[in-house]
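Raw contents of work-v3.csv, CSV, C-alpha atoms:
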chain,number,residue,atom,x,y,z
Z,174,MET,CA,34.4,-7.5,35.8
Z,175,SER,CA,31.3,-9.0,34.3
Z,176,GLN,CA,29.1,-7.4,37.0
Z,177,ASP,CA,30.7,-4.0,36.5
Z,178,THR,CA,30.1,-4.2,32.8
Z,179,ASN,CA,26.4,-5.0,33.3
Z,180,ASP,CA,26.1,-2.2,35.8
Z,181,ASN,CA,27.5,0.3,33.4
Z,182,ASN,CA,25.0,-0.7,30.7
Z,183,LYS,CA,21.9,-0.3,32.8
Z,184,PRO,CA,19.2,1.5,30.8
Z,185,GLU,CA,18.4,4.0,33.6
Z,186,GLU,CA,22.0,5.3,33.5
Z,187,ILE,CA,21.8,6.3,29.8
Z,188,SER,CA,21.6,10.0,29.6
Z,189,GLN,CA,18.5,11.7,28.2
Z,190,SER,CA,20.7,13.3,25.5
Z,191,ALA,CA,21.8,9.8,24.3
Z,192,ILE,CA,18.2,8.6,24.3
Z,193,LEU,CA,17.1,11.5,22.2
Z,194,THR,CA,20.0,10.9,19.8
Z,195,MET,CA,18.9,7.3,19.4
Z,196,MET,CA,15.3,8.3,18.9
Z,197,THR,CA,16.0,11.0,16.4
Z,198,THR,CA,18.3,8.6,14.4
Z,199,GLU,CA,15.6,6.0,14.3
Z,200,HIS,CA,13.1,8.7,13.3
Z,201,TYR,CA,15.4,9.7,10.4
Z,202,ASN,CA,15.9,6.0,9.4
Z,203,LEU,CA,12.1,5.4,9.4
Z,204,GLN,CA,11.5,8.5,7.2
Z,205,GLY,CA,14.2,7.3,4.8
Z,206,ALA,CA,12.6,3.8,4.7
Z,207,ARG,CA,9.2,5.4,4.0
Z,208,SER,CA,10.7,7.3,1.0
Z,209,ALA,CA,12.2,4.1,-0.3
Z,210,THR,CA,8.8,2.3,-0.2
Z,211,VAL,CA,7.0,5.1,-1.9
Z,212,SER,CA,9.7,5.2,-4.6
Z,213,GLU,CA,9.4,1.4,-5.2
Z,214,ALA,CA,5.6,1.5,-5.4
Z,215,THR,CA,5.8,4.5,-7.8
Z,216,GLY,CA,8.3,2.7,-10.0
Z,217,ARG,CA,6.4,-0.5,-10.2
Z,218,ALA,CA,3.1,1.3,-11.0
Z,219,ASN,CA,4.8,3.3,-13.7
Z,220,LEU,CA,6.3,0.1,-15.2
Z,221,TYR,CA,2.9,-1.5,-15.2
Z,222,LEU,CA,1.1,1.5,-16.8
Z,223,SER,CA,3.9,1.9,-19.4
Z,224,SER,CA,3.5,-1.8,-20.3
Z,225,ILE,CA,-0.2,-1.4,-20.7
Z,226,SER,CA,0.3,1.6,-22.9
Z,227,GLY,CA,2.7,-0.4,-25.1
Z,228,VAL,CA,0.3,-3.3,-25.4
Z,229,LEU,CA,-2.6,-1.1,-26.4
Z,230,VAL,CA,-0.5,0.6,-29.0
Z,231,THR,CA,0.6,-2.7,-30.4
Z,232,LEU,CA,-3.0,-4.1,-30.5
Z,233,GLY,CA,-4.1,-0.9,-32.2
Z,234,PHE,CA,-1.5,-1.3,-35.0
Z,235,VAL,CA,-2.2,-5.1,-35.3
Z,236,GLY,CA,-6.0,-4.5,-35.4
Z,237,GLN,CA,-5.7,-1.9,-38.1
Z,238,ALA,CA,-3.3,-4.0,-40.2
Z,239,SER,CA,-5.4,-7.2,-39.9
Z,240,LYS,CA,-8.8,-5.5,-40.0
Z,241,MET,CA,-9.6,-7.0,-36.6
Z,242,GLY,CA,-9.0,-10.5,-37.9
Z,243,ASP,CA,-7.5,-13.7,-36.5
Z,244,THR,CA,-4.1,-12.0,-36.1
Z,245,PHE,CA,-5.6,-9.4,-33.8
Z,246,LEU,CA,-7.3,-12.1,-31.7
Z,247,VAL,CA,-4.1,-14.1,-31.4
Z,248,PHE,CA,-2.1,-11.1,-30.2
Z,249,SER,CA,-4.9,-10.1,-27.8
Z,250,LEU,CA,-5.2,-13.6,-26.3
Z,251,VAL,CA,-1.4,-13.7,-25.8
Z,252,LEU,CA,-0.7,-10.2,-24.6
Z,253,LEU,CA,-3.6,-9.6,-22.3
Z,254,PRO,CA,-2.8,-12.5,-19.9
Z,255,SER,CA,0.8,-11.4,-19.9
Z,256,VAL,CA,-0.2,-7.9,-18.8
Z,257,PHE,CA,-2.6,-9.3,-16.3
Z,258,PHE,CA,0.2,-11.3,-14.7
Z,259,LEU,CA,2.3,-8.2,-14.5
Z,260,GLY,CA,-0.5,-6.4,-13.0
Z,261,THR,CA,-1.1,-9.1,-10.4
Z,262,VAL,CA,2.5,-9.2,-9.2
Z,263,THR,CA,2.5,-5.4,-9.2
Z,264,PHE,CA,-0.6,-5.3,-7.1
Z,265,VAL,CA,0.8,-7.7,-4.6
Z,266,ARG,CA,4.2,-5.9,-4.2
Z,267,VAL,CA,2.7,-2.4,-4.1
Z,268,LEU,CA,0.3,-3.7,-1.4
Z,269,GLU,CA,3.3,-5.0,0.6
Z,270,THR,CA,5.1,-1.7,0.3
Z,271,SER,CA,2.0,0.2,1.4
Z,272,ILE,CA,1.8,-2.0,4.5
Z,273,GLU,CA,5.5,-1.5,5.1
Z,274,ASP,CA,5.1,2.3,4.7
Z,275,PHE,CA,2.2,2.3,7.1
Z,276,ASN,CA,4.2,0.4,9.8
Z,277,TYR,CA,7.1,2.9,9.4
Z,278,ALA,CA,4.6,5.8,9.9
Z,279,ARG,CA,3.4,4.0,13.0
Z,280,GLY,CA,6.9,3.9,14.3
Z,281,ILE,CA,7.4,7.6,13.7
Z,282,ASN,CA,4.2,8.4,15.6
Z,283,ARG,CA,5.5,6.4,18.6
Z,284,ILE,CA,8.8,8.4,18.5
Z,285,ARG,CA,6.8,11.6,18.3
Z,286,HIS,CA,4.8,10.5,21.3
Z,287,TYR,CA,8.1,10.1,23.2
Z,288,TYR,CA,9.1,13.6,22.3
Z,289,LEU,CA,5.8,14.9,23.8
Z,290,GLU,CA,6.2,12.7,26.9
Z,291,ILE,CA,9.5,14.5,27.5
Z,292,ALA,CA,8.1,18.0,26.7
Z,293,PRO,CA,4.2,17.9,26.8
Z,294,HIS,CA,4.0,21.6,26.8
Z,295,LEU,CA,5.2,21.5,23.1
Z,296,ARG,CA,2.1,19.6,21.9
Z,297,LYS,CA,0.4,22.7,20.5
Z,298,TYR,CA,3.4,23.2,18.2
Z,299,PHE,CA,3.0,19.7,16.6
Z,300,VAL,CA,0.6,19.5,13.7
Z,301,LEU,CA,0.9,15.7,13.2
Z,302,SER,CA,-0.6,13.1,15.4
Z,303,ASP,CA,1.5,11.2,17.9
Z,304,TYR,CA,-0.8,8.2,18.2
Z,305,ASP,CA,0.0,4.9,16.7
Z,306,ASP,CA,-3.4,3.4,15.9
Z,307,ASN,CA,-4.9,3.4,12.4
Z,308,THR,CA,-6.7,6.7,13.0
Z,309,GLY,CA,-3.6,8.5,14.1
Z,310,VAL,CA,-1.5,7.2,11.2
Z,311,MET,CA,-4.2,7.9,8.6
Z,312,ASN,CA,-4.9,11.4,9.9
Z,313,ASN,CA,-1.2,12.3,9.4
Z,314,MET,CA,-1.7,11.3,5.7
Z,315,GLY,CA,-4.7,13.6,5.4
Z,316,VAL,CA,-7.2,10.8,5.5
Z,317,TYR,CA,-10.0,11.4,8.0
Z,318,SER,CA,-12.6,9.0,6.6
Z,319,PRO,CA,-11.4,5.5,5.5
Z,320,ARG,CA,-14.5,4.9,3.4
Z,321,GLY,CA,-13.5,4.1,-0.2
Z,322,GLN,CA,-9.9,4.8,0.5
Z,323,THR,CA,-8.7,1.5,-0.9
Z,324,LEU,CA,-10.1,2.4,-4.3
Z,325,VAL,CA,-8.2,5.8,-4.5
Z,326,SER,CA,-4.9,4.3,-3.4
Z,327,THR,CA,-2.3,3.0,-5.9
Z,328,THR,CA,-3.3,-0.6,-5.1
Z,329,GLY,CA,-6.9,0.3,-5.8
Z,330,LEU,CA,-5.9,1.9,-9.2
Z,331,ILE,CA,-4.0,-1.3,-10.1
Z,332,ALA,CA,-6.9,-3.5,-9.0
Z,333,VAL,CA,-9.4,-1.7,-11.2
Z,334,ILE,CA,-7.1,-1.9,-14.2
Z,335,ASN,CA,-6.4,-5.6,-13.6
Z,336,SER,CA,-10.1,-6.2,-13.4
Z,337,VAL,CA,-10.7,-4.4,-16.7
Z,338,ILE,CA,-8.0,-6.4,-18.4
Z,339,VAL,CA,-9.2,-9.8,-17.2
Z,340,SER,CA,-12.8,-9.0,-18.1
Z,341,VAL,CA,-11.9,-8.0,-21.6
Z,342,PHE,CA,-9.8,-11.1,-22.0
Z,343,VAL,CA,-12.6,-13.4,-20.8
Z,344,ALA,CA,-15.2,-11.7,-22.9
Z,345,LEU,CA,-13.0,-11.9,-26.0
Z,346,SER,CA,-12.2,-15.5,-25.3
Z,347,VAL,CA,-15.9,-16.4,-25.0
Z,348,ASN,CA,-16.7,-14.5,-28.2
Z,349,THR,CA,-13.9,-16.3,-30.0
Z,350,LEU,CA,-15.1,-19.7,-28.9
Z,351,PHE,CA,-18.8,-19.3,-29.1
Z,352,SER,CA,-19.4,-16.3,-31.3
Z,353,THR,CA,-21.7,-14.8,-28.8
Z,354,LEU,CA,-23.7,-11.5,-29.2
Z,355,LEU,CA,-22.2,-8.2,-28.1
Z,356,ALA,CA,-24.7,-7.8,-25.3
Z,357,VAL,CA,-23.8,-11.2,-23.9
Z,358,ASN,CA,-20.1,-10.3,-24.0
Z,359,VAL,CA,-20.7,-7.1,-22.2
Z,360,VAL,CA,-22.6,-8.9,-19.4
Z,361,ILE,CA,-19.9,-11.5,-19.1
Z,362,GLY,CA,-17.2,-8.7,-19.0
Z,363,LEU,CA,-19.1,-6.8,-16.3
Z,364,GLY,CA,-19.5,-9.9,-14.2
Z,365,ILE,CA,-15.8,-10.8,-14.4
Z,366,PHE,CA,-14.9,-7.2,-13.6
Z,367,MET,CA,-16.9,-7.2,-10.4
Z,368,VAL,CA,-15.6,-10.6,-9.3
Z,369,SER,CA,-12.0,-9.7,-10.0
Z,370,LEU,CA,-12.4,-6.3,-8.2
Z,371,ALA,CA,-14.0,-8.1,-5.2
Z,372,LEU,CA,-11.1,-10.6,-5.1
Z,373,HIS,CA,-8.5,-7.9,-5.2
Z,374,GLN,CA,-10.3,-6.0,-2.3
Z,375,PHE,CA,-10.7,-9.2,-0.3
Z,376,TYR,CA,-7.0,-10.0,-0.6
Z,377,SER,CA,-6.0,-6.5,0.2
Z,378,GLY,CA,-8.3,-6.4,3.3
Z,379,ARG,CA,-6.9,-9.7,4.6
Z,380,LYS,CA,-3.3,-8.6,4.2
Z,381,TRP,CA,-4.0,-5.3,6.1
Z,382,GLN,CA,-5.8,-7.3,8.8
Z,383,GLU,CA,-2.8,-9.7,9.2
Z,384,ALA,CA,-0.5,-6.7,9.4
Z,385,GLY,CA,-2.7,-5.1,12.1
Z,386,ASN,CA,-2.6,-8.3,14.1
Z,387,HIS,CA,1.2,-8.2,14.3
Z,388,HIS,CA,1.3,-4.6,15.7
Z,389,LYS,CA,-0.2,-3.8,19.0
Z,390,THR,CA,-1.5,-0.2,19.5
Z,391,LEU,CA,0.4,1.5,22.3
Z,392,PHE,CA,-1.0,5.0,22.1
Z,393,PRO,CA,-4.6,5.0,20.8
Z,394,THR,CA,-6.1,8.3,19.5
Z,395,PRO,CA,-8.4,9.8,22.2
Z,396,PRO,CA,-12.1,10.1,21.2
Z,397,ASN,CA,-12.0,13.9,21.4
Z,398,PHE,CA,-8.7,14.4,19.7
Z,399,GLU,CA,-8.4,17.3,17.3

Could you express the structure from this file as C-alpha coordinates?
Amino acid sequence: MSQDTNDNNKPEEISQSAILTMMTTEHYNLQGARSATVSEATGRANLYLSSISGVLVTLGFVGQASKMGDTFLVFSLVLLPSVFFLGTVTFVRVLETSIEDFNYARGINRIRHYYLEIAPHLRKYFVLSDYDDNTGVMNNMGVYSPRGQTLVSTTGLIAVINSVIVSVFVALSVNTLFSTLLAVNVVIGLGIFMVSLALHQFYSGRKWQEAGNHHKTLFPTPPNFE
(Lines of atoms letter the chains of each structure in order from A and count residues from 1; the text may use other names and numbers.)
(Lines give C-alpha, C1' and ligand atoms only; values in the text may rest on other atoms or scores of the structure.)
Protein backbone atom coordinates (compact mmCIF):
# COMPACT_ATOMS: atom_id res chain seq x y z
CA MET A 1 0.00 0.00 0.00
CA SER A 2 2.82 2.35 0.88
CA GLN A 3 4.57 1.67 -2.43
CA ASP A 4 1.38 2.35 -4.40
CA THR A 5 0.85 5.60 -2.56
CA ASN A 6 4.38 6.77 -3.35
CA ASP A 7 3.96 5.83 -7.01
CA ASN A 8 0.78 7.84 -7.28
CA ASN A 9 2.54 10.93 -5.94
CA LYS A 10 5.47 10.95 -8.35
CA PRO A 11 6.11 14.48 -9.61
CA GLU A 12 6.29 13.35 -13.23
CA GLU A 13 2.73 12.07 -13.06
CA ILE A 14 1.29 15.45 -12.05
CA SER A 15 -0.55 16.95 -14.99
CA GLN A 16 0.66 20.17 -16.57
CA SER A 17 -2.70 21.71 -15.79
CA ALA A 18 -2.20 21.00 -12.07
CA ILE A 19 1.30 22.45 -12.20
CA LEU A 20 0.06 25.62 -13.84
CA THR A 21 -2.65 25.93 -11.21
CA MET A 22 -0.05 25.67 -8.45
CA MET A 23 2.24 28.19 -10.13
CA THR A 24 -0.51 30.72 -10.80
CA THR A 25 -1.70 30.35 -7.19
CA GLU A 26 1.82 30.99 -5.94
CA HIS A 27 2.09 33.94 -8.33
CA TYR A 28 -1.09 35.39 -6.86
CA ASN A 29 0.12 34.81 -3.29
CA LEU A 30 3.44 36.51 -3.99
CA GLN A 31 1.71 39.49 -5.55
CA GLY A 32 -0.55 39.79 -2.51
CA ALA A 33 2.47 39.57 -0.20
CA ARG A 34 4.17 42.34 -2.19
CA SER A 35 1.15 44.57 -1.72
CA ALA A 36 1.25 43.90 2.03
CA THR A 37 4.92 44.89 2.30
CA VAL A 38 4.35 48.10 0.35
CA SER A 39 1.36 48.93 2.52
CA GLU A 40 3.34 48.38 5.73
CA ALA A 41 6.29 50.44 4.52
CA THR A 42 3.98 53.28 3.48
CA GLY A 43 2.13 53.20 6.79
CA ARG A 44 5.32 53.29 8.84
CA ALA A 45 6.79 56.10 6.76
CA ASN A 46 3.58 58.12 7.10
CA LEU A 47 3.57 57.60 10.87
CA TYR A 48 7.16 58.78 11.07
CA LEU A 49 6.58 61.88 8.94
CA SER A 50 3.41 62.73 10.86
CA SER A 51 5.32 62.48 14.15
CA ILE A 52 8.01 64.82 12.82
CA SER A 53 5.36 67.29 11.73
CA GLY A 54 3.79 67.23 15.19
CA VAL A 55 7.14 67.71 16.91
CA LEU A 56 8.04 70.68 14.68
CA VAL A 57 4.71 72.33 15.34
CA THR A 58 5.16 71.79 19.08
CA LEU A 59 8.67 73.22 19.06
CA GLY A 60 7.43 76.18 17.05
CA PHE A 61 4.79 77.05 19.65
CA VAL A 62 7.17 76.45 22.56
CA GLY A 63 9.89 78.54 20.95
CA GLN A 64 7.49 81.39 20.33
CA ALA A 65 6.07 81.26 23.86
CA SER A 66 9.46 80.98 25.57
CA LYS A 67 11.26 83.31 23.16
CA MET A 68 13.74 80.50 22.36
CA GLY A 69 14.69 80.22 26.01
CA ASP A 70 15.46 77.31 28.31
CA THR A 71 12.02 75.78 27.89
CA PHE A 72 12.58 75.49 24.16
CA LEU A 73 15.96 73.84 24.71
CA VAL A 74 14.48 71.32 27.14
CA PHE A 75 11.70 70.41 24.74
CA SER A 76 14.14 70.12 21.85
CA LEU A 77 16.62 67.96 23.75
CA VAL A 78 13.82 65.62 24.81
CA LEU A 79 11.74 65.42 21.64
CA LEU A 80 14.49 65.18 19.04
CA PRO A 81 16.04 61.96 20.44
CA SER A 82 12.55 60.45 20.65
CA VAL A 83 11.88 61.26 17.02
CA PHE A 84 15.31 59.94 16.04
CA PHE A 85 14.56 56.64 17.80
CA LEU A 86 11.27 56.38 15.93
CA GLY A 87 13.10 57.15 12.69
CA THR A 88 15.73 54.51 13.36
CA VAL A 89 13.26 51.70 13.97
CA THR A 90 11.23 52.90 10.99
CA PHE A 91 14.34 52.80 8.82
CA VAL A 92 15.19 49.26 9.91
CA ARG A 93 11.67 47.91 9.40
CA VAL A 94 11.11 49.63 6.06
CA LEU A 95 14.44 48.23 4.91
CA GLU A 96 13.31 44.75 5.94
CA THR A 97 10.04 45.11 4.05
CA SER A 98 11.94 46.38 0.98
CA ILE A 99 14.14 43.29 1.00
CA GLU A 100 11.07 41.12 1.54
CA ASP A 101 9.31 42.78 -1.39
CA PHE A 102 12.37 42.30 -3.59
CA ASN A 103 12.47 38.58 -2.80
CA TYR A 104 8.78 38.23 -3.64
CA ALA A 105 9.43 39.96 -6.97
CA ARG A 106 12.29 37.54 -7.57
CA GLY A 107 9.89 34.64 -7.02
CA ILE A 108 7.38 36.10 -9.46
CA ASN A 109 10.10 36.39 -12.09
CA ARG A 110 10.95 32.71 -11.64
CA ILE A 111 7.32 31.76 -12.15
CA ARG A 112 7.15 33.96 -15.23
CA HIS A 113 10.25 32.15 -16.49
CA TYR A 114 8.42 28.85 -16.10
CA TYR A 115 5.51 30.17 -18.13
CA LEU A 116 7.91 31.04 -20.93
CA GLU A 117 9.62 27.67 -20.70
CA ILE A 118 6.26 26.07 -21.44
CA ALA A 119 5.36 28.52 -24.19
CA PRO A 120 8.55 30.28 -25.41
CA HIS A 121 6.75 31.68 -28.46
CA LEU A 122 4.80 33.99 -26.13
CA ARG A 123 7.91 35.85 -24.95
CA LYS A 124 7.25 38.80 -27.27
CA TYR A 125 3.94 39.41 -25.49
CA PHE A 126 5.55 39.73 -22.03
CA VAL A 127 6.75 43.24 -21.19
CA LEU A 128 8.31 42.27 -17.84
CA SER A 129 11.56 40.40 -17.32
CA ASP A 130 11.52 36.72 -16.38
CA TYR A 131 15.05 36.73 -14.97
CA ASP A 132 15.59 36.50 -11.21
CA ASP A 133 18.87 38.35 -10.78
CA ASN A 134 19.08 41.91 -9.46
CA THR A 135 19.02 43.36 -12.98
CA GLY A 136 15.88 41.48 -13.95
CA VAL A 137 13.99 42.42 -10.80
CA MET A 138 15.06 46.06 -10.87
CA ASN A 139 14.20 46.45 -14.55
CA ASN A 140 10.65 45.35 -13.78
CA MET A 141 10.48 48.21 -11.27
CA GLY A 142 11.55 50.71 -13.92
CA VAL A 143 15.08 51.02 -12.54
CA TYR A 144 17.72 50.57 -15.23
CA SER A 145 20.62 52.22 -13.42
CA PRO A 146 21.22 51.41 -9.73
CA ARG A 147 23.35 54.51 -9.13
CA GLY A 148 21.91 56.63 -6.35
CA GLN A 149 18.84 54.41 -6.09
CA THR A 150 19.20 53.99 -2.33
CA LEU A 151 18.79 57.72 -1.79
CA VAL A 152 15.52 58.00 -3.75
CA SER A 153 13.93 54.99 -2.06
CA THR A 154 11.78 55.22 1.07
CA THR A 155 14.68 54.00 3.19
CA GLY A 156 16.89 56.69 1.66
CA LEU A 157 14.30 59.35 2.48
CA ILE A 158 14.13 58.19 6.09
CA ALA A 159 17.93 57.99 6.30
CA VAL A 160 18.30 61.63 5.22
CA ILE A 161 15.64 62.86 7.66
CA ASN A 162 17.17 60.82 10.50
CA SER A 163 20.56 62.33 9.75
CA VAL A 164 19.14 65.85 9.78
CA ILE A 165 17.48 65.25 13.15
CA VAL A 166 20.56 63.79 14.83
CA SER A 167 22.79 66.55 13.42
CA VAL A 168 20.48 69.26 14.76
CA PHE A 169 20.32 67.51 18.13
CA VAL A 170 24.11 67.23 18.44
CA ALA A 171 24.72 70.81 17.31
CA LEU A 172 22.08 72.10 19.72
CA SER A 173 23.56 70.06 22.55
CA VAL A 174 27.07 71.38 21.88
CA ASN A 175 25.81 74.93 21.73
CA THR A 176 23.92 74.48 25.01
CA LEU A 177 26.94 73.02 26.80
CA PHE A 178 29.72 75.19 25.39
CA SER A 179 27.98 78.27 23.92
CA THR A 180 29.81 77.81 20.63
CA LEU A 181 29.59 80.13 17.65
CA LEU A 182 26.99 79.57 14.95
CA ALA A 183 29.64 78.69 12.37
CA VAL A 184 31.04 76.01 14.68
CA ASN A 185 27.57 74.56 15.22
CA VAL A 186 26.98 74.44 11.47
CA VAL A 187 30.26 72.60 10.87
CA ILE A 188 29.48 70.12 13.65
CA GLY A 189 25.98 69.59 12.29
CA LEU A 190 27.23 68.95 8.76
CA GLY A 191 29.82 66.50 10.04
CA ILE A 192 27.28 64.56 12.08
CA PHE A 193 24.88 64.56 9.12
CA MET A 194 27.47 63.01 6.80
CA VAL A 195 28.52 60.40 9.35
CA SER A 196 24.93 59.46 10.11
CA LEU A 197 24.00 59.20 6.44
CA ALA A 198 27.07 57.05 5.77
CA LEU A 199 26.16 54.71 8.64
CA HIS A 200 22.61 54.36 7.32
CA GLN A 201 23.92 53.54 3.85
CA PHE A 202 26.45 51.07 5.23
CA TYR A 203 23.80 49.25 7.24
CA SER A 204 21.45 49.17 4.27
CA GLY A 205 24.14 47.86 1.92
CA ARG A 206 25.15 45.13 4.36
CA LYS A 207 21.55 43.95 4.77
CA TRP A 208 21.02 43.85 1.00
CA GLN A 209 24.25 41.89 0.60
CA GLU A 210 23.20 39.40 3.28
CA ALA A 211 19.84 38.95 1.56
CA GLY A 212 21.55 38.39 -1.80
CA ASN A 213 23.78 35.71 -0.32
CA HIS A 214 20.72 33.71 0.72
CA HIS A 215 19.15 33.64 -2.75
CA LYS A 216 20.97 31.97 -5.61
CA THR A 217 20.29 33.36 -9.06
CA LEU A 218 18.76 30.68 -11.27
CA PHE A 219 17.99 32.69 -14.41
CA PRO A 220 20.48 35.54 -14.94
CA THR A 221 19.69 38.33 -17.37
CA PRO A 222 21.48 37.82 -20.71
CA PRO A 223 24.00 40.55 -21.63
CA ASN A 224 22.04 41.54 -24.76
CA PHE A 225 18.60 41.40 -23.14
CA GLU A 226 16.18 44.16 -24.19

Hey, which bits of region 188-232 of chain Z sit within 9 Å of region 236-251 of chain Z, and for each residue what's the closest pair of atoms and how far apart in Å (one decimal), counting only C-alpha atoms, rows by chain and increasing number, as JSON lines?
{"residue": "Z:Val228", "atom": "CA", "partner": "Z:Ser249", "partner_atom": "CA", "distance": 8.9}
{"residue": "Z:Thr231", "atom": "CA", "partner": "Z:Gly236", "partner_atom": "CA", "distance": 8.5}
{"residue": "Z:Leu232", "atom": "CA", "partner": "Z:Gly236", "partner_atom": "CA", "distance": 5.8}

Let's have the selection written as a PDB file, in the frame of the given file, with C-alpha atoms.
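File written: again_39.pdb
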ATOM      1  CA  VAL Z 228       0.300  -3.300 -25.400  1.00  0.00           C
ATOM      2  CA  THR Z 231       0.600  -2.700 -30.400  1.00  0.00           C
ATOM      3  CA  LEU Z 232      -3.000  -4.100 -30.500  1.00  0.00           C
TER       4      LEU Z 232
END

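Here the question is which of Z:Arg320, Z:Val256, Z:His373, Z:Thr197 gets nearest to Ser223 (chain Z) using all atoms listed in the file, and that residue is Z:Val256.
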
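Here CA of Gly378 (chain Z) and CA of Arg217 (chain Z) stand 20.8 Å from one another.
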
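Neighbouring residues of Tyr201 (chain Z) at 12 Å or closer, counting only C-alpha atoms and skipping chain neighbours under 4 positions away, are Z:Thr194, Z:Met195, Z:Met196, Z:Thr197, Z:Gly205, Z:Ala206, Z:Arg207, Z:Ser208, Z:Tyr277, Z:Ala278, Z:Gly280, Z:Ile281, Z:Ile284, Z:Arg285.
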
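The interatomic distance for the pair CA of Gln189 (chain Z) and CA of Leu295 (chain Z) works out to 17.3 Å.
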
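Those DNA, RNA and protein residues that approach the point (-2.7, 9.8, 24.5) to within 8 Å, considering only C-alpha atoms, are Asp303, Tyr304, Phe392, Pro393, Thr394 and Pro395 of chain Z.
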
Give me the residues within 10 Å of Phe275 (chain Z) as a PDB file with C-alpha atoms, in the coordinates of the input, counting all atoms listed in the file and dropping any in the same chain fewer than 4 places off.
ATOM      1  CA  ARG Z 207       9.200   5.400   4.000  1.00  0.00           C
ATOM      2  CA  THR Z 210       8.800   2.300  -0.200  1.00  0.00           C
ATOM      3  CA  GLU Z 269       3.300  -5.000   0.600  1.00  0.00           C
ATOM      4  CA  THR Z 270       5.100  -1.700   0.300  1.00  0.00           C
ATOM      5  CA  SER Z 271       2.000   0.200   1.400  1.00  0.00           C
ATOM      6  CA  ARG Z 279       3.400   4.000  13.000  1.00  0.00           C
ATOM      7  CA  GLY Z 280       6.900   3.900  14.300  1.00  0.00           C
ATOM      8  CA  ILE Z 281       7.400   7.600  13.700  1.00  0.00           C
ATOM      9  CA  ASN Z 307      -4.900   3.400  12.400  1.00  0.00           C
ATOM     10  CA  VAL Z 310      -1.500   7.200  11.200  1.00  0.00           C
ATOM     11  CA  MET Z 311      -4.200   7.900   8.600  1.00  0.00           C
ATOM     12  CA  MET Z 314      -1.700  11.300   5.700  1.00  0.00           C
ATOM     13  CA  TRP Z 381      -4.000  -5.300   6.100  1.00  0.00           C
ATOM     14  CA  ALA Z 384      -0.500  -6.700   9.400  1.00  0.00           C
TER      15      ALA Z 384
END

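In this model, the gap between CA of Val339 (chain Z) and CA of Gln382 (chain Z) comes to 26.3 Å.
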
Using only C-alpha atoms - which residues lie no farther than 12 Å from the point (-19.1, -15.3, -28.1) in the file's frame? Write them as a ChimeraX atom specification. /Z:342-362

Please provide the set of residues having any atom within 8 Å of Ile331 (chain Z), restricted to all atoms listed in the file, with same-chain residues fewer than 4 positions apart removed, written as a count of residues only. 6
